[in-house]
Amino acid sequence: MHIRLAFLFAAALWAGAASAQESAPTLQIVWPPEGAVVQLGSDAERSIGVVVQSNYRLLAAGQCGSDKRCGHIHMKIDPEGDSCNLPGRPYNSMNSDFGGELIKARFGPCPSPTGEHVIGILLADDQHKPVLVDGKPVTRLVKVTTR
């Protein structure tokens, strides 16, 4: 009987740890993969689509209502220097263009659209504030080469 109680206790602890991990916000860049060579679009913005994935519901900014597990993505290209931001904006793009998991990365504003770049994404709440885990924003980076 003690073994069974110990097993049930351990199972309950494991289930609690699993649900705690599941509840932490996650964010991934699904495409393009790290190190990819990507052909830029022929549009004026020289844009490509970036696919992200999160366990948060991704909607356009201001559309989450009372859903606390909902947000949107802020994306920067070459985030260290802010040189690829849209004029007058602190980012290059948000997922508000299409909603959901597709974001338009605009390489046209970059001083050099072709070459090595870093695509950075940040999970933000409905009020544009970064979603934090252990006091740090939920972000992901991927290095690509554009042609």
# chains A, B, ... in the order shown; residues from 1 in each chain; ligands from 1
call {"tool": "closest_atom_pairs", "arguments": {"of": "range 84-103 of chain A", "to": "range 25-45 of chain A", "cutoff": "12 Å", "atoms": "only C-alpha atoms", "output": "JSON lines"}}
result
{"residue": "A:Cys84", "atom": "CA", "partner": "A:Glu45", "partner_atom": "CA", "distance": 11.2}
{"residue": "A:Asn85", "atom": "CA", "partner": "A:Glu45", "partner_atom": "CA", "distance": 11.9}
{"residue": "A:Leu86", "atom": "CA", "partner": "A:Glu45", "partner_atom": "CA", "distance": 10.2}
{"residue": "A:Asn92", "atom": "CA", "partner": "A:Glu45", "partner_atom": "CA", "distance": 10.8}
{"residue": "A:Ser93", "atom": "CA", "partner": "A:Glu45", "partner_atom": "CA", "distance": 11.4}
{"residue": "A:Glu101", "atom": "CA", "partner": "A:Val30", "partner_atom": "CA", "distance": 9.3}
{"residue": "A:Leu102", "atom": "CA", "partner": "A:Trp31", "partner_atom": "CA", "distance": 9.5}
{"residue": "A:Ile103", "atom": "CA", "partner": "A:Trp31", "partner_atom": "CA", "distance": 10.3}
call {"tool": "residues_around", "arguments": {"residues": "Ile77 in chain A", "least_positions_apart": "3", "cutoff": "9 Å", "atoms": "only C-alpha atoms", "output": "list in words"}}
result
Glu80, Gly81, Asp82, Ser83, Cys84, Asn85, Tyr91, Asn92, Ser93, Ala105, Arg106, Phe107, Cys110, His117, Val118, Ile119, Gly120 and Ile121 of chain A
call {"tool": "write_last_selection", "arguments": {"atoms": "C-alpha atoms", "output": "tab-separated table (two decimals), in the first residue's frame"}}
result
chain	number	residue	atom	x	y	z
A	80	GLU	CA	20.75	44.87	-32.21
A	81	GLY	CA	20.88	47.99	-34.35
A	82	ASP	CA	17.20	48.72	-35.07
A	83	SER	CA	18.31	49.65	-38.62
A	84	CYS	CA	15.55	47.64	-40.34
A	85	ASN	CA	12.56	49.02	-38.42
A	91	TYR	CA	9.71	47.12	-35.00
A	92	ASN	CA	9.79	45.78	-38.55
A	93	SER	CA	6.48	43.92	-38.42
A	105	ALA	CA	9.35	40.30	-42.68
A	106	ARG	CA	10.12	43.47	-44.65
A	107	PHE	CA	13.78	43.59	-45.70
A	110	CYS	CA	17.25	47.52	-44.21
A	117	HIS	CA	20.46	39.00	-41.13
A	118	VAL	CA	18.96	38.03	-37.78
A	119	ILE	CA	15.18	37.73	-37.49
A	120	GLY	CA	14.04	38.33	-33.91
A	121	ILE	CA	10.55	37.84	-32.52
call {"tool": "select_by_dssp", "arguments": {"residues": "chain A", "states": "strand (DSSP E or B)", "output": "PyMOL selection string"}}
result
chain A and resi 27-31+37-38+47-54+57-58+70-77+93-94+102-106+115-124+130+132-133+136-137+139-146
call {"tool": "atom_distance", "arguments": {"atom1": "CA of Ala60 in chain A", "atom2": "CA of Glu116 in chain A"}}
result
28.8 Å
call {"tool": "closest_residue", "arguments": {"among": "A:Gly115, A:His72, A:Gly88, A:Leu58", "to": "Thr145 in chain A", "atoms": "only C-alpha atoms"}}
result
A:Gly115
call {"tool": "atom_distance", "arguments": {"atom1": "CA of Ser54 in chain A", "atom2": "CA of Val144 in chain A"}}
result
20.8 Å
call {"tool": "select_by_dssp", "arguments": {"residues": "range 6-146 of chain A", "states": "helix (DSSP H, G or I)", "output": "NGL selection string"}}
result
:A and (6-23 or 95-97)
call {"tool": "write_last_selection", "arguments": {"atoms": "N, CA, C and O atoms", "output": "PDB file, in the first residue's frame"}}
result
ATOM      1  N   ALA A   6       3.097   6.124  -2.675  1.00  0.00           N
ATOM      2  CA  ALA A   6       4.288   6.815  -3.167  1.00  0.00           C
ATOM      3  C   ALA A   6       4.196   7.023  -4.671  1.00  0.00           C
ATOM      4  O   ALA A   6       4.541   8.085  -5.192  1.00  0.00           O
ATOM      5  N   PHE A   7       3.718   5.996  -5.383  1.00  0.00           N
ATOM      6  CA  PHE A   7       3.565   6.108  -6.831  1.00  0.00           C
ATOM      7  C   PHE A   7       2.545   7.186  -7.188  1.00  0.00           C
ATOM      8  O   PHE A   7       2.780   8.015  -8.062  1.00  0.00           O
ATOM      9  N   LEU A   8       1.413   7.187  -6.501  1.00  0.00           N
ATOM     10  CA  LEU A   8       0.370   8.190  -6.776  1.00  0.00           C
ATOM     11  C   LEU A   8       0.883   9.606  -6.467  1.00  0.00           C
ATOM     12  O   LEU A   8       0.613  10.544  -7.210  1.00  0.00           O
ATOM     13  N   PHE A   9       1.631   9.738  -5.371  1.00  0.00           N
ATOM     14  CA  PHE A   9       2.196  11.033  -5.023  1.00  0.00           C
ATOM     15  C   PHE A   9       3.186  11.504  -6.093  1.00  0.00           C
ATOM     16  O   PHE A   9       3.146  12.639  -6.535  1.00  0.00           O
ATOM     17  N   ALA A  10       4.073  10.588  -6.515  1.00  0.00           N
ATOM     18  CA  ALA A  10       5.043  10.927  -7.564  1.00  0.00           C
ATOM     19  C   ALA A  10       4.339  11.282  -8.858  1.00  0.00           C
ATOM     20  O   ALA A  10       4.711  12.227  -9.557  1.00  0.00           O
ATOM     21  N   ALA A  11       3.291  10.548  -9.209  1.00  0.00           N
ATOM     22  CA  ALA A  11       2.536  10.831 -10.433  1.00  0.00           C
ATOM     23  C   ALA A  11       1.872  12.204 -10.354  1.00  0.00           C
ATOM     24  O   ALA A  11       1.847  12.961 -11.325  1.00  0.00           O
ATOM     25  N   ALA A  12       1.348  12.538  -9.170  1.00  0.00           N
ATOM     26  CA  ALA A  12       0.711  13.845  -9.003  1.00  0.00           C
ATOM     27  C   ALA A  12       1.733  14.971  -9.137  1.00  0.00           C
ATOM     28  O   ALA A  12       1.468  15.995  -9.769  1.00  0.00           O
ATOM     29  N   LEU A  13       2.929  14.775  -8.546  1.00  0.00           N
ATOM     30  CA  LEU A  13       3.981  15.780  -8.689  1.00  0.00           C
ATOM     31  C   LEU A  13       4.406  15.939 -10.143  1.00  0.00           C
ATOM     32  O   LEU A  13       4.580  17.044 -10.634  1.00  0.00           O
ATOM     33  N   TRP A  14       4.574  14.816 -10.844  1.00  0.00           N
ATOM     34  CA  TRP A  14       4.974  14.861 -12.251  1.00  0.00           C
ATOM     35  C   TRP A  14       3.920  15.573 -13.083  1.00  0.00           C
ATOM     36  O   TRP A  14       4.225  16.416 -13.908  1.00  0.00           O
ATOM     37  N   ALA A  15       2.645  15.276 -12.847  1.00  0.00           N
ATOM     38  CA  ALA A  15       1.560  15.926 -13.599  1.00  0.00           C
ATOM     39  C   ALA A  15       1.550  17.429 -13.321  1.00  0.00           C
ATOM     40  O   ALA A  15       1.353  18.235 -14.220  1.00  0.00           O
ATOM     41  N   GLY A  16       1.799  17.801 -12.058  1.00  0.00           N
ATOM     42  CA  GLY A  16       1.856  19.223 -11.721  1.00  0.00           C
ATOM     43  C   GLY A  16       3.001  19.916 -12.416  1.00  0.00           C
ATOM     44  O   GLY A  16       2.868  21.020 -12.931  1.00  0.00           O
ATOM     45  N   ALA A  17       4.158  19.261 -12.479  1.00  0.00           N
ATOM     46  CA  ALA A  17       5.317  19.841 -13.167  1.00  0.00           C
ATOM     47  C   ALA A  17       5.043  19.949 -14.655  1.00  0.00           C
ATOM     48  O   ALA A  17       5.392  20.937 -15.292  1.00  0.00           O
ATOM     49  N   ALA A  18       4.409  18.936 -15.227  1.00  0.00           N
ATOM     50  CA  ALA A  18       4.104  18.973 -16.666  1.00  0.00           C
ATOM     51  C   ALA A  18       3.153  20.109 -16.983  1.00  0.00           C
ATOM     52  O   ALA A  18       3.345  20.840 -17.943  1.00  0.00           O
ATOM     53  N   SER A  19       2.104  20.299 -16.145  1.00  0.00           N
ATOM     54  CA  SER A  19       1.163  21.369 -16.461  1.00  0.00           C
ATOM     55  C   SER A  19       1.790  22.732 -16.209  1.00  0.00           C
ATOM     56  O   SER A  19       1.467  23.694 -16.891  1.00  0.00           O
ATOM     57  N   ALA A  20       2.729  22.839 -15.255  1.00  0.00           N
ATOM     58  CA  ALA A  20       3.433  24.113 -15.053  1.00  0.00           C
ATOM     59  C   ALA A  20       4.273  24.436 -16.279  1.00  0.00           C
ATOM     60  O   ALA A  20       4.329  25.578 -16.712  1.00  0.00           O
ATOM     61  N   GLN A  21       4.929  23.416 -16.860  1.00  0.00           N
ATOM     62  CA  GLN A  21       5.722  23.648 -18.059  1.00  0.00           C
ATOM     63  C   GLN A  21       4.816  24.027 -19.227  1.00  0.00           C
ATOM     64  O   GLN A  21       5.151  24.887 -20.022  1.00  0.00           O
ATOM     65  N   GLU A  22       3.672  23.377 -19.329  1.00  0.00           N
ATOM     66  CA  GLU A  22       2.757  23.672 -20.428  1.00  0.00           C
ATOM     67  C   GLU A  22       2.197  25.082 -20.312  1.00  0.00           C
ATOM     68  O   GLU A  22       1.888  25.708 -21.308  1.00  0.00           O
ATOM     69  N   SER A  23       2.071  25.582 -19.072  1.00  0.00           N
ATOM     70  CA  SER A  23       1.472  26.895 -18.907  1.00  0.00           C
ATOM     71  C   SER A  23       2.455  28.030 -19.197  1.00  0.00           C
ATOM     72  O   SER A  23       2.043  29.140 -19.438  1.00  0.00           O
ATOM     73  N   ASN A  95       2.383  40.423 -36.248  1.00  0.00           N
ATOM     74  CA  ASN A  95       1.548  39.430 -36.910  1.00  0.00           C
ATOM     75  C   ASN A  95       0.167  39.979 -37.234  1.00  0.00           C
ATOM     76  O   ASN A  95      -0.674  39.262 -37.749  1.00  0.00           O
ATOM     77  N   SER A  96      -0.055  41.252 -37.007  1.00  0.00           N
ATOM     78  CA  SER A  96      -1.350  41.866 -37.311  1.00  0.00           C
ATOM     79  C   SER A  96      -1.645  41.916 -38.805  1.00  0.00           C
ATOM     80  O   SER A  96      -2.788  42.051 -39.206  1.00  0.00           O
ATOM     81  N   ASP A  97      -0.593  41.820 -39.651  1.00  0.00           N
ATOM     82  CA  ASP A  97      -0.816  41.868 -41.096  1.00  0.00           C
ATOM     83  C   ASP A  97      -1.715  40.723 -41.548  1.00  0.00           C
ATOM     84  O   ASP A  97      -2.608  40.901 -42.353  1.00  0.00           O
TER      85      ASP A  97
END
call {"tool": "closest_residue", "arguments": {"among": "A:Val131, A:Ile48, A:Cys64, A:Leu59", "to": "Arg147 in chain A", "atoms": "only C-alpha atoms"}}
result
A:Ile48
call {"tool": "closest_residue", "arguments": {"among": "A:Lys104, A:Arg46, A:His74, A:Arg89", "to": "Pro130 in chain A", "atoms": "only C-alpha atoms"}}
result
A:His74
call {"tool": "residues_around", "arguments": {"residues": "Lys68 in chain A", "least_positions_apart": "6", "cutoff": "9 Å", "atoms": "only C-alpha atoms", "output": "PyMOL selection string"}}
result
chain A and resi 56+125-126
call {"tool": "write_last_selection", "arguments": {"atoms": "C-alpha atoms", "output": "short mmCIF file (atom, residue, chain, number, x, y, z; two decimals), in the first residue's frame"}}
result
data_model
loop_
_atom_site.label_atom_id
_atom_site.label_comp_id
_atom_site.auth_asym_id
_atom_site.auth_seq_id
_atom_site.Cartn_x
_atom_site.Cartn_y
_atom_site.Cartn_z
CA TYR A 56 -0.45 31.47 -26.75
CA ASP A 125 0.48 40.96 -24.57
CA ASP A 126 -2.57 42.80 -25.87
#
call {"tool": "atom_distance", "arguments": {"atom1": "CA of Met75 in chain A", "atom2": "CA of Gly62 in chain A"}}
result
16.8 Å
call {"tool": "residues_around", "arguments": {"residues": "Leu122 in chain A", "least_positions_apart": "3", "cutoff": "6 Å", "atoms": "only C-alpha atoms", "output": "PyMOL selection string"}}
result
chain A and resi 73-74+138-139
call {"tool": "closest_residue", "arguments": {"among": "A:Thr146, A:Ala24, A:His128, A:Cys70", "to": "Gly108 in chain A", "atoms": "only C-alpha atoms"}}
result
A:Thr146
call {"tool": "decode", "arguments": {"residues": "range 82-128 of chain A", "atoms": "C-alpha atoms", "output": "short mmCIF file (atom, residue, chain, number, x, y, z; two decimals), in the first residue's frame"}}
result
data_model
loop_
_atom_site.label_atom_id
_atom_site.label_comp_id
_atom_site.auth_asym_id
_atom_site.auth_seq_id
_atom_site.Cartn_x
_atom_site.Cartn_y
_atom_site.Cartn_z
CA ASP A 82 17.20 48.72 -35.07
CA SER A 83 18.31 49.65 -38.62
CA CYS A 84 15.55 47.64 -40.34
CA ASN A 85 12.56 49.02 -38.42
CA LEU A 86 9.67 50.56 -40.31
CA PRO A 87 9.92 54.37 -40.34
CA GLY A 88 8.60 55.76 -37.06
CA ARG A 89 8.06 52.28 -35.54
CA PRO A 90 10.06 50.33 -32.94
CA TYR A 91 9.71 47.12 -35.00
CA ASN A 92 9.79 45.78 -38.55
CA SER A 93 6.48 43.92 -38.42
CA MET A 94 3.75 42.42 -36.26
CA ASN A 95 1.55 39.43 -36.91
CA SER A 96 -1.35 41.87 -37.31
CA ASP A 97 -0.82 41.87 -41.10
CA PHE A 98 -2.19 38.35 -41.44
CA GLY A 99 -3.02 37.33 -37.86
CA GLY A 100 -2.06 33.99 -36.44
CA GLU A 101 1.31 32.42 -37.10
CA LEU A 102 2.38 34.21 -40.32
CA ILE A 103 4.39 37.42 -40.15
CA LYS A 104 5.62 39.59 -43.01
CA ALA A 105 9.35 40.30 -42.68
CA ARG A 106 10.12 43.47 -44.65
CA PHE A 107 13.78 43.59 -45.70
CA GLY A 108 13.26 46.72 -47.85
CA PRO A 109 13.87 49.16 -44.95
CA CYS A 110 17.25 47.52 -44.21
CA PRO A 111 20.35 49.43 -45.40
CA SER A 112 21.29 46.24 -47.26
CA PRO A 113 18.30 43.93 -47.85
CA THR A 114 20.52 41.10 -49.09
CA GLY A 115 23.13 39.36 -46.98
CA GLU A 116 23.27 37.97 -43.46
CA HIS A 117 20.46 39.00 -41.13
CA VAL A 118 18.96 38.03 -37.78
CA ILE A 119 15.18 37.73 -37.49
CA GLY A 120 14.04 38.33 -33.91
CA ILE A 121 10.55 37.84 -32.52
CA LEU A 122 9.03 38.85 -29.17
CA LEU A 123 5.75 37.69 -27.64
CA ALA A 124 3.74 40.72 -26.47
CA ASP A 125 0.48 40.96 -24.57
CA ASP A 126 -2.57 42.80 -25.87
CA GLN A 127 -1.16 46.13 -24.60
CA HIS A 128 2.20 45.65 -26.45
#
